Amino acid sequence: MRVTIESFTRPDVERMRAAVARLADGGDREGADDVTFDLYISGGCPGQRVDFRASVPSGGEAEVTHVDELRDVDERFSEAVRPAELAALARHLDVASLMELPANADEGYVPDSLIGSVAITSANARITLWFPVEDEDPPEGDEVALRIDRGQVPFVLRASMAPASVRPAFAQLAQVINRLTGRPQR
């Protein structure tokens with residue numbers, strides 16, 4: 001997993017931690033820094049490209065976009081996110097452990113492969129986690145860290161490809177997104 005940390009100063013880190021803690025406690029979001037969770041999955045050969053985006057902000061509605069050239073899918077919609085879902089997502093997110101993840105800057109991906117990212121943004125800070133995505137379930141017995149059921153094929157991140165510290169947050173994010181898209185988590 002490749003990690004990108006942007007615009008971090010000590011005050012930015014503290015503001016992100018405080019915003020996530022406030023969200024986890026279900027606290028008042030008025031005047032607080034927003035926390036946004038963005039999932040982006042993209043890849044495929046020309047004419048067969050897939051582009052899936054879900055933006056889940058702590059204030060306002062989530063926005064989902066899904067384009068699949070091969071299956072002629074082009075959809076966009078907004079949906080309210082339940083405060084309890086946001087609080088659960090924030091409780092599974094440990095900003096300190098994200099800050100300690102190795103950058104893995106040399107990690108690369110094969111052209112046209114499915115690549116996913118999750119970006120957590122608050123105030124002037126953003127942490128982005130990049131990872132390979134599969135379009136089929138792994139063999140029985142392999143654990144899954146994130147599974148988005150959208151369309152005819154799933155988007156899957158194997159647990160072995162994600163640090164243990166991010167798996168609970170990824171699983172909760174997948175649960176929220178699957179509910180938003182009308183496809184409950186299996």
# chains A, B, ... in the order shown; residues from 1 in each chain; ligands from 1

call {"tool": "residues_around", "arguments": {"residues": "segment 1-15 of chain A", "least_positions_apart": "3", "cutoff": "12 Å", "atoms": "only C-alpha atoms", "output": "number ranges by chain"}}
result
A: 18-22, 32-35, 94-109, 115-133, 157-164, 166-167

call {"tool": "residues_around", "arguments": {"residues": "segment 168-173 of chain A", "least_positions_apart": "6", "cutoff": "9 Å", "atoms": "only C-alpha atoms", "output": "list in words"}}
result
Phe37, Leu39, Val56, Glu85, Leu86, Ala88, Leu89, Ala90, Arg91, His92, Leu93, Asp94, Val118, Val144, Ala145, Leu146 and Arg147 of chain A

call {"tool": "write_last_selection", "arguments": {"atoms": "all heavy atoms", "output": "short mmCIF file (atom, residue, chain, number, x, y, z; two decimals), in the first residue's frame"}}
result
data_model
loop_
_atom_site.label_atom_id
_atom_site.label_comp_id
_atom_site.auth_asym_id
_atom_site.auth_seq_id
_atom_site.Cartn_x
_atom_site.Cartn_y
_atom_site.Cartn_z
N PHE A 37 -14.08 11.51 3.54
CA PHE A 37 -13.51 10.23 3.13
C PHE A 37 -13.84 10.05 1.66
O PHE A 37 -15.01 10.01 1.29
CB PHE A 37 -14.14 9.08 3.94
CG PHE A 37 -14.00 9.26 5.43
CD1 PHE A 37 -14.99 9.92 6.15
CD2 PHE A 37 -12.89 8.78 6.10
CE1 PHE A 37 -14.88 10.09 7.52
CE2 PHE A 37 -12.77 8.95 7.47
CZ PHE A 37 -13.77 9.61 8.19
N LEU A 39 -13.31 7.66 -1.67
CA LEU A 39 -12.88 6.39 -2.26
C LEU A 39 -12.89 6.59 -3.77
O LEU A 39 -13.87 7.08 -4.33
CB LEU A 39 -13.82 5.25 -1.88
CG LEU A 39 -13.58 3.92 -2.62
CD1 LEU A 39 -12.26 3.29 -2.21
CD2 LEU A 39 -14.73 2.96 -2.38
N VAL A 56 -17.61 10.86 0.97
CA VAL A 56 -18.43 10.82 2.17
C VAL A 56 -17.95 11.91 3.12
O VAL A 56 -16.98 11.73 3.85
CB VAL A 56 -18.34 9.43 2.86
CG1 VAL A 56 -19.21 9.37 4.10
CG2 VAL A 56 -18.71 8.33 1.87
N GLU A 85 -23.22 6.23 11.18
CA GLU A 85 -22.24 5.65 10.25
C GLU A 85 -20.95 6.45 10.27
O GLU A 85 -19.86 5.88 10.28
CB GLU A 85 -22.80 5.63 8.82
CG GLU A 85 -23.92 4.66 8.61
CD GLU A 85 -24.53 4.79 7.22
OE1 GLU A 85 -24.67 5.92 6.71
OE2 GLU A 85 -24.87 3.73 6.66
N LEU A 86 -21.09 7.78 10.29
CA LEU A 86 -19.90 8.63 10.34
C LEU A 86 -19.14 8.43 11.64
O LEU A 86 -17.91 8.37 11.66
CB LEU A 86 -20.30 10.10 10.18
CG LEU A 86 -20.77 10.50 8.79
CD1 LEU A 86 -21.42 11.87 8.83
CD2 LEU A 86 -19.61 10.48 7.81
N ALA A 88 -19.10 5.75 13.54
CA ALA A 88 -18.44 4.44 13.51
C ALA A 88 -17.19 4.49 12.63
O ALA A 88 -16.15 3.93 13.00
CB ALA A 88 -19.41 3.38 12.99
N LEU A 89 -17.29 5.15 11.50
CA LEU A 89 -16.13 5.28 10.61
C LEU A 89 -15.00 6.01 11.31
O LEU A 89 -13.84 5.57 11.28
CB LEU A 89 -16.55 6.00 9.33
CG LEU A 89 -15.52 6.16 8.24
CD1 LEU A 89 -14.88 4.83 7.85
CD2 LEU A 89 -16.17 6.79 7.01
N ALA A 90 -15.32 7.11 11.98
CA ALA A 90 -14.29 7.88 12.68
C ALA A 90 -13.70 7.08 13.85
O ALA A 90 -12.49 7.19 14.12
CB ALA A 90 -14.88 9.19 13.17
N ARG A 91 -14.51 6.29 14.53
CA ARG A 91 -13.98 5.47 15.65
C ARG A 91 -12.97 4.44 15.15
O ARG A 91 -12.05 4.07 15.88
CB ARG A 91 -15.12 4.77 16.39
CG ARG A 91 -15.84 5.66 17.38
CD ARG A 91 -16.74 4.87 18.30
NE ARG A 91 -17.82 4.18 17.61
CZ ARG A 91 -18.99 4.74 17.30
NH1 ARG A 91 -19.23 5.99 17.60
NH2 ARG A 91 -19.91 4.03 16.66
N HIS A 92 -13.12 3.98 13.92
CA HIS A 92 -12.18 2.99 13.37
C HIS A 92 -10.93 3.64 12.76
O HIS A 92 -10.02 2.93 12.34
CB HIS A 92 -12.86 2.15 12.28
CG HIS A 92 -13.90 1.23 12.80
ND1 HIS A 92 -13.78 0.50 13.96
CD2 HIS A 92 -15.12 0.89 12.32
CE1 HIS A 92 -14.84 -0.23 14.16
NE2 HIS A 92 -15.68 -0.01 13.18
N LEU A 93 -10.90 4.96 12.72
CA LEU A 93 -9.80 5.67 12.08
C LEU A 93 -8.82 6.18 13.13
O LEU A 93 -9.19 6.92 14.02
CB LEU A 93 -10.36 6.85 11.28
CG LEU A 93 -9.36 7.64 10.46
CD1 LEU A 93 -8.77 6.76 9.36
CD2 LEU A 93 -10.05 8.84 9.83
N ASP A 94 -7.58 5.75 13.03
CA ASP A 94 -6.53 6.18 13.95
C ASP A 94 -5.54 7.03 13.17
O ASP A 94 -4.70 6.51 12.43
CB ASP A 94 -5.86 4.95 14.57
CG ASP A 94 -4.78 5.32 15.57
OD1 ASP A 94 -4.51 6.52 15.78
OD2 ASP A 94 -4.20 4.39 16.16
N VAL A 118 -8.04 5.71 -1.00
CA VAL A 118 -8.90 6.30 0.02
C VAL A 118 -8.15 7.51 0.53
O VAL A 118 -7.00 7.39 0.97
CB VAL A 118 -9.20 5.32 1.17
CG1 VAL A 118 -9.91 6.04 2.31
CG2 VAL A 118 -10.03 4.15 0.68
N VAL A 144 -10.89 -10.23 3.23
CA VAL A 144 -11.08 -9.03 2.41
C VAL A 144 -11.08 -7.81 3.32
O VAL A 144 -11.76 -7.81 4.36
CB VAL A 144 -12.41 -9.12 1.62
CG1 VAL A 144 -12.73 -7.83 0.92
CG2 VAL A 144 -12.36 -10.28 0.64
N ALA A 145 -10.33 -6.77 2.97
CA ALA A 145 -10.30 -5.54 3.76
C ALA A 145 -11.38 -4.57 3.30
O ALA A 145 -11.92 -3.80 4.10
CB ALA A 145 -8.94 -4.87 3.64
N LEU A 146 -11.70 -4.58 2.01
CA LEU A 146 -12.69 -3.66 1.46
C LEU A 146 -13.35 -4.35 0.27
O LEU A 146 -12.66 -4.91 -0.58
CB LEU A 146 -11.99 -2.37 1.00
CG LEU A 146 -12.85 -1.32 0.34
CD1 LEU A 146 -12.63 0.02 1.04
CD2 LEU A 146 -12.50 -1.18 -1.11
N ARG A 147 -14.68 -4.34 0.25
CA ARG A 147 -15.41 -4.94 -0.87
C ARG A 147 -16.58 -4.04 -1.19
O ARG A 147 -17.49 -3.87 -0.39
CB ARG A 147 -15.93 -6.33 -0.51
CG ARG A 147 -16.59 -7.04 -1.68
CD ARG A 147 -17.05 -8.45 -1.28
NE ARG A 147 -17.26 -9.32 -2.41
CZ ARG A 147 -18.33 -9.27 -3.21
NH1 ARG A 147 -19.28 -8.40 -3.00
NH2 ARG A 147 -18.43 -10.11 -4.22
#

call {"tool": "select_by_dssp", "arguments": {"residues": "segment 60-145 of chain A", "states": "strand (DSSP E)", "output": "PyMOL selection string"}}
result
chain A and resi 61-68+73-80+115-122+125-132+144-145

call {"tool": "closest_residue", "arguments": {"among": "A:Leu70, A:Val64, A:Met16, A:Val110", "to": "Asn178 of chain A", "atoms": "only C-alpha atoms"}}
result
A:Val64

call {"tool": "select_by_dssp", "arguments": {"residues": "segment 67-117 of chain A", "states": "alpha helix (DSSP H)", "output": "PyMOL selection string"}}
result
chain A and resi 83-91+95-100

call {"tool": "residues_around", "arguments": {"residues": "Gly59 of chain A", "least_positions_apart": "2", "cutoff": "9 Å", "atoms": "only C-alpha atoms", "output": "NGL selection string"}}
result
:A and (29-30 or 34-36 or 56-57 or 61-62 or 81)

call {"tool": "write_last_selection", "arguments": {"atoms": "N, CA, C and O atoms", "output": "PDB file, in the first residue's frame"}}
result
ATOM      1  N   ARG A  29     -21.099  19.092  15.005  1.00  0.00           N
ATOM      2  CA  ARG A  29     -20.236  19.338  13.844  1.00  0.00           C
ATOM      3  C   ARG A  29     -20.257  20.790  13.419  1.00  0.00           C
ATOM      4  O   ARG A  29     -19.516  21.180  12.530  1.00  0.00           O
ATOM      5  N   GLU A  30     -21.109  21.604  14.018  1.00  0.00           N
ATOM      6  CA  GLU A  30     -21.173  23.025  13.660  1.00  0.00           C
ATOM      7  C   GLU A  30     -19.850  23.698  14.003  1.00  0.00           C
ATOM      8  O   GLU A  30     -19.360  23.607  15.120  1.00  0.00           O
ATOM      9  N   ASP A  34     -14.501  19.890   8.857  1.00  0.00           N
ATOM     10  CA  ASP A  34     -15.100  18.712   8.238  1.00  0.00           C
ATOM     11  C   ASP A  34     -14.040  17.648   8.041  1.00  0.00           C
ATOM     12  O   ASP A  34     -12.854  17.942   7.892  1.00  0.00           O
ATOM     13  N   VAL A  35     -14.480  16.415   8.035  1.00  0.00           N
ATOM     14  CA  VAL A  35     -13.638  15.281   7.669  1.00  0.00           C
ATOM     15  C   VAL A  35     -14.312  14.657   6.457  1.00  0.00           C
ATOM     16  O   VAL A  35     -15.515  14.430   6.468  1.00  0.00           O
ATOM     17  N   THR A  36     -13.549  14.433   5.398  1.00  0.00           N
ATOM     18  CA  THR A  36     -14.107  13.819   4.194  1.00  0.00           C
ATOM     19  C   THR A  36     -13.329  12.556   3.871  1.00  0.00           C
ATOM     20  O   THR A  36     -12.097  12.540   3.931  1.00  0.00           O
ATOM     21  N   VAL A  56     -17.614  10.862   0.973  1.00  0.00           N
ATOM     22  CA  VAL A  56     -18.434  10.816   2.174  1.00  0.00           C
ATOM     23  C   VAL A  56     -17.954  11.913   3.121  1.00  0.00           C
ATOM     24  O   VAL A  56     -16.977  11.726   3.852  1.00  0.00           O
ATOM     25  N   PRO A  57     -18.622  13.075   3.101  1.00  0.00           N
ATOM     26  CA  PRO A  57     -18.217  14.165   3.987  1.00  0.00           C
ATOM     27  C   PRO A  57     -18.919  14.081   5.338  1.00  0.00           C
ATOM     28  O   PRO A  57     -20.007  13.511   5.452  1.00  0.00           O
ATOM     29  N   GLU A  61     -24.245  15.682   2.077  1.00  0.00           N
ATOM     30  CA  GLU A  61     -24.570  14.380   1.498  1.00  0.00           C
ATOM     31  C   GLU A  61     -23.369  13.755   0.800  1.00  0.00           C
ATOM     32  O   GLU A  61     -22.527  14.454   0.253  1.00  0.00           O
ATOM     33  N   ALA A  62     -23.363  12.435   0.801  1.00  0.00           N
ATOM     34  CA  ALA A  62     -22.338  11.700   0.060  1.00  0.00           C
ATOM     35  C   ALA A  62     -22.681  11.763  -1.419  1.00  0.00           C
ATOM     36  O   ALA A  62     -23.852  11.804  -1.801  1.00  0.00           O
ATOM     37  N   VAL A  81     -25.814  10.570   4.612  1.00  0.00           N
ATOM     38  CA  VAL A  81     -25.046   9.637   5.418  1.00  0.00           C
ATOM     39  C   VAL A  81     -25.558   9.749   6.850  1.00  0.00           C
ATOM     40  O   VAL A  81     -25.735  10.847   7.368  1.00  0.00           O
TER      41      VAL A  81
END

call {"tool": "atom_distance", "arguments": {"atom1": "atom CA of Ser78 of chain A", "atom2": "atom CA of Gly151 of chain A"}}
result
17.2 Å

call {"tool": "closest_residue", "arguments": {"among": "A:Asp25, A:Glu63, A:Asp72, A:Asp112", "to": "Tyr40 of chain A", "atoms": "only C-alpha atoms"}}
result
A:Glu63

call {"tool": "residues_around", "arguments": {"residues": "Ile148 of chain A", "least_positions_apart": "2", "cutoff": "8 Å", "atoms": "only C-alpha atoms", "output": "list in words"}}
result
Leu146, Arg150, Pro154, Phe155, Val156, Ala174, Ile177, Asn178 and Gln185 of chain A

call {"tool": "write_last_selection", "arguments": {"atoms": "C-alpha atoms", "output": "short mmCIF file (atom, residue, chain, number, x, y, z; two decimals), in the first residue's frame"}}
result
data_model
loop_
_atom_site.label_atom_id
_atom_site.label_comp_id
_atom_site.auth_asym_id
_atom_site.auth_seq_id
_atom_site.Cartn_x
_atom_site.Cartn_y
_atom_site.Cartn_z
CA LEU A 146 -12.69 -3.66 1.46
CA ARG A 150 -21.40 -2.07 -7.39
CA PRO A 154 -17.16 -6.30 -7.06
CA PHE A 155 -14.20 -4.08 -6.23
CA VAL A 156 -12.07 -6.01 -3.74
CA ALA A 174 -17.24 -0.18 2.44
CA ILE A 177 -20.77 3.01 0.57
CA ASN A 178 -22.58 -0.28 -0.06
CA GLN A 185 -22.26 -5.67 2.57
#

call {"tool": "atom_distance", "arguments": {"atom1": "atom CA of Arg82 of chain A", "atom2": "atom CA of Asp137 of chain A"}}
result
28.1 Å
